[in-house]
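Q: The structure is given below, and queries will be raised subsequently.
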Amino acid sequence: MRASITPLPDKGPRAWLTYLWRGGRAALGLLIFLALWDWGSRFYSELILPSPWVTFTTLVGLLAEGNGWSELAATARRALAGFALSLVVGSALGLLAGLSVTAKLMSRPVITLLLGTPPIAWLVLAVLWFGAGDATPVFTVFIVTFPIIFVAALQGAHTLDGQLRNLARAYRLPASMILIDIYLPHVVSYLFPAWVVALAMSWKVAVMAELLATADGVGAALAVSRSHLDTAATMAWIVAVVCLLLLVEYLLLDPLKRKLESWRTA
Amino acid sequence: MTLLIEGLSHRFGQTEVLTNIELRLSAGEAVALVGPSGCGKTTLLNLIAGLLRPSAGRIENGYPATSYLFQQPCLLPWQTALDNIALGLKARGMPRRERQTRARGLGHQLGLTDADLKKYPSALSGGMKSRVALARAWALEPELLLLDEPFSALDVGLKAELYNLLLDQLMARGTSLLLVTHDLMEAVRLADRLLMMAPCPGRIVGEFKLERPRLARDEMWVYQATARFMQAPEVRAGFGLPPSGQDCAEHLGASSQAPADMVAAASWR
């Protein structure tokens, strides 16, 4: 994850050119992907693989005339609520568990159990427990992403340099400072990659949960397009969800990461 | 103000690392614990600093403020040099502006520029890091300073410069010093009393007094006193050196215009 950080340009036109060149190469990768997709779509009917052009016009149509935005908003609400919940609970509990060897050993089999349970099984349980409302996708997202974040926080807290612990005691730091000045900055470098993975998973799980459990949201819309054998609409929804994920990651998480980890590149 | 250690023993599991340590450190005194690696020197400092609890015996630290300078600089990599220096002040609840002003003043005294103070530790050289660590220890205005061979990774020139900075500050405030080292020159330069330690289990085997005032010790004196100290049987045995040959001792005795205060008093345990 760390290798993918592109430092923001410092100053001067030269630095900006370098930055654009990097961005340009990322865009090139995307264009090659689109070209391959377009090339592939020439061999199949629109029912099997619609071309990128058809997909994007369908998406624009969905957003302009249909209820596209409200479906996307519903999915985003559920995915982000579940993600936020496991971010807070997973980070806090993992940090605490990392402080004690007993808690670390006790939590290990439970985490393996949570990680090993298929998301679809959680979904079935959630439908039985919570019925067809927001609670079902939010719970499923939470229970699937929680162990990922928990393990990262636990590892982070556990790997803190023993010298820094000694420092904290010798200089009599109060508990609040030990948390904010010693543990959190160290643990964040473990947590961030886990947050990124958990966020991507949140969207996938939310859409899956909606497909089976709710009457609105992208998942529900996908269920409708499947029953109509509308491949273009299906692809359009996929593109919409992926774009949302990219937006949140690059506009929210990436700048946050740069800010929190500025001491590494300095 | 005294540090008093009586009948101190410490064990890690079944292994006894320190046995029957007796030590008294009065206000303004500078004592060096000298010994080979692994004789429990750092453990003793950790016990005094309260990082470990002794298995047996008593440690009474009567100094109101104690600072500990570790073997490594041990800076927080995610804080600037300035914030690192101010760490102990922040822990005491000093307001931000005040502690930053104090930290900046200390940094300047130790030869750090404003540009250095804004840097993160990863951008500082080894010598700069040591200065920051020293300033952080000094910021607490300690009456007792615990030093665990903090400059052992630095070159001779930097070491000499930092010793001088340290000595000036120690003398100016009358701070007591407890230094732990395997570098005899370092001990002879900074201490009034040298305690020789031997390993397995760690114990004190000899005591030497240096009567010349610390600020009056020039380079030559330090070399000669160190050479004499090296000839003491306890020191040779402690470091696992072969007993010194008769020739060597005679040569030293004949050639040195050894001042009377070099190793003026030596008492043995």
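Convention: chains lettered A, B, ... in structure tokens order; per-chain residue numbering from 1; ligands numbered from 1 as shown.
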Residues of chain A were defined as contacting chain B if any atom lay at most 12 Å from it, counting only C-alpha atoms; please report them as a short mmCIF file (atom, residue, chain, number, x, y, z; two decimals) with C-alpha atoms, in the first residue's frame.
A:
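Once written, selection23.cif looks like this:
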```cif
data_model
loop_
_atom_site.label_atom_id
_atom_site.label_comp_id
_atom_site.auth_asym_id
_atom_site.auth_seq_id
_atom_site.Cartn_x
_atom_site.Cartn_y
_atom_site.Cartn_z
CA LEU A 160 4.79 -0.79 19.03
CA ASP A 161 8.52 -0.43 19.78
CA GLY A 162 9.21 -1.39 23.41
CA GLN A 163 11.58 1.58 23.69
CA LEU A 164 8.70 3.96 23.05
CA ARG A 165 6.73 2.29 25.85
CA ASN A 166 9.72 2.85 28.16
CA LEU A 167 9.91 6.45 26.99
CA ALA A 168 6.25 6.95 27.85
CA ARG A 169 6.79 5.63 31.36
CA ALA A 170 10.10 7.37 32.04
CA TYR A 171 8.64 10.72 30.99
CA ARG A 172 5.40 10.01 32.88
CA LEU A 173 3.03 10.56 29.98
CA PRO A 174 -0.63 10.51 31.04
CA ALA A 175 -2.90 7.85 29.50
CA SER A 176 -4.42 10.32 27.02
CA MET A 177 -0.97 11.23 25.66
CA ILE A 178 0.09 7.58 25.46
CA ILE A 180 -2.77 10.11 21.07
CA ASP A 181 0.98 10.73 20.83
CA ILE A 182 2.37 7.18 20.96
CA TYR A 183 -0.13 4.50 19.96
CA LEU A 184 -2.44 6.13 17.39
CA PRO A 185 0.25 7.47 15.01
CA HIS A 186 1.90 4.05 14.95
CA VAL A 187 -1.31 2.05 14.64
CA VAL A 188 -2.65 4.25 11.83
CA SER A 189 -0.03 2.90 9.41
CA LYS A 259 -1.90 14.23 5.90
CA LEU A 260 -1.58 11.64 8.67
CA GLU A 261 1.59 10.13 7.28
CA SER A 262 3.40 13.28 6.18
CA TRP A 263 6.19 12.49 8.67
CA ARG A 264 7.24 9.47 6.62
CA THR A 265 8.13 11.35 3.44
CA ALA A 266 9.45 14.44 5.22
#
```
Q: Any idea what the distance is between CA of Phe130 in chain A and CA of Val144 in chain A?
A: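 A separation of 16.3 Å between them.
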Q: Env of Arg214 in chain B: 8 Å cut, atoms = only C-alpha atoms, seq-sep filter 2 positions within chain, self excluded. Answer as a short mmCIF file (atom, residue, chain, number, x, y, z; two decimals) with C-alpha atoms, in the first residue's frame.
A:
```
data_model
loop_
_atom_site.label_atom_id
_atom_site.label_comp_id
_atom_site.auth_asym_id
_atom_site.auth_seq_id
_atom_site.Cartn_x
_atom_site.Cartn_y
_atom_site.Cartn_z
CA LEU B 167 29.06 19.33 31.46
CA ARG B 189 35.69 12.66 31.62
CA LEU B 190 32.29 13.02 33.26
CA ALA B 191 32.36 11.40 36.72
CA ASP B 192 33.68 12.12 40.21
CA ARG B 212 40.34 16.87 39.87
CA ALA B 216 39.64 21.31 34.88
CA ARG B 217 40.22 18.03 33.09
#
```
Q: Tell me which of A:Gly29, A:Gly23, A:Gly40, A:Gly68 sits closest to Leu222 in chain A, counting only C-alpha atoms.
A: A:Gly68
Q: Any idea what's packed within 12 Å of Glu46 in chain A, counting only C-alpha atoms, ignoring anything in its chain fewer than 2 positions away? Could you give it as a VMD selection string?
A: chain A and resid 38 40 to 44 48 to 55 229 to 235
Q: List every residue of range 145-209 of chain A that DSSP, applied to the backbone of this structure, assigns to alpha helix (DSSP H), and report them as a PyMOL selection string.
A: chain A and resi 145-158+162-170+175-177+184-209
Q: Expressed in Å to a single decimal, how great is the separation between CA of Asp148 in chain B and CA of Glu22 in chain B?
A: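 Computed distance, CA of Asp148 in chain B to CA of Glu22 in chain B, equals 18.9 Å.
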Q: Go through A:Val138, A:Val218, A:Leu47, A:Val101 and flag the residue nearest Leu80 in chain A, using only C-alpha atoms for the distances.
A: A:Val138
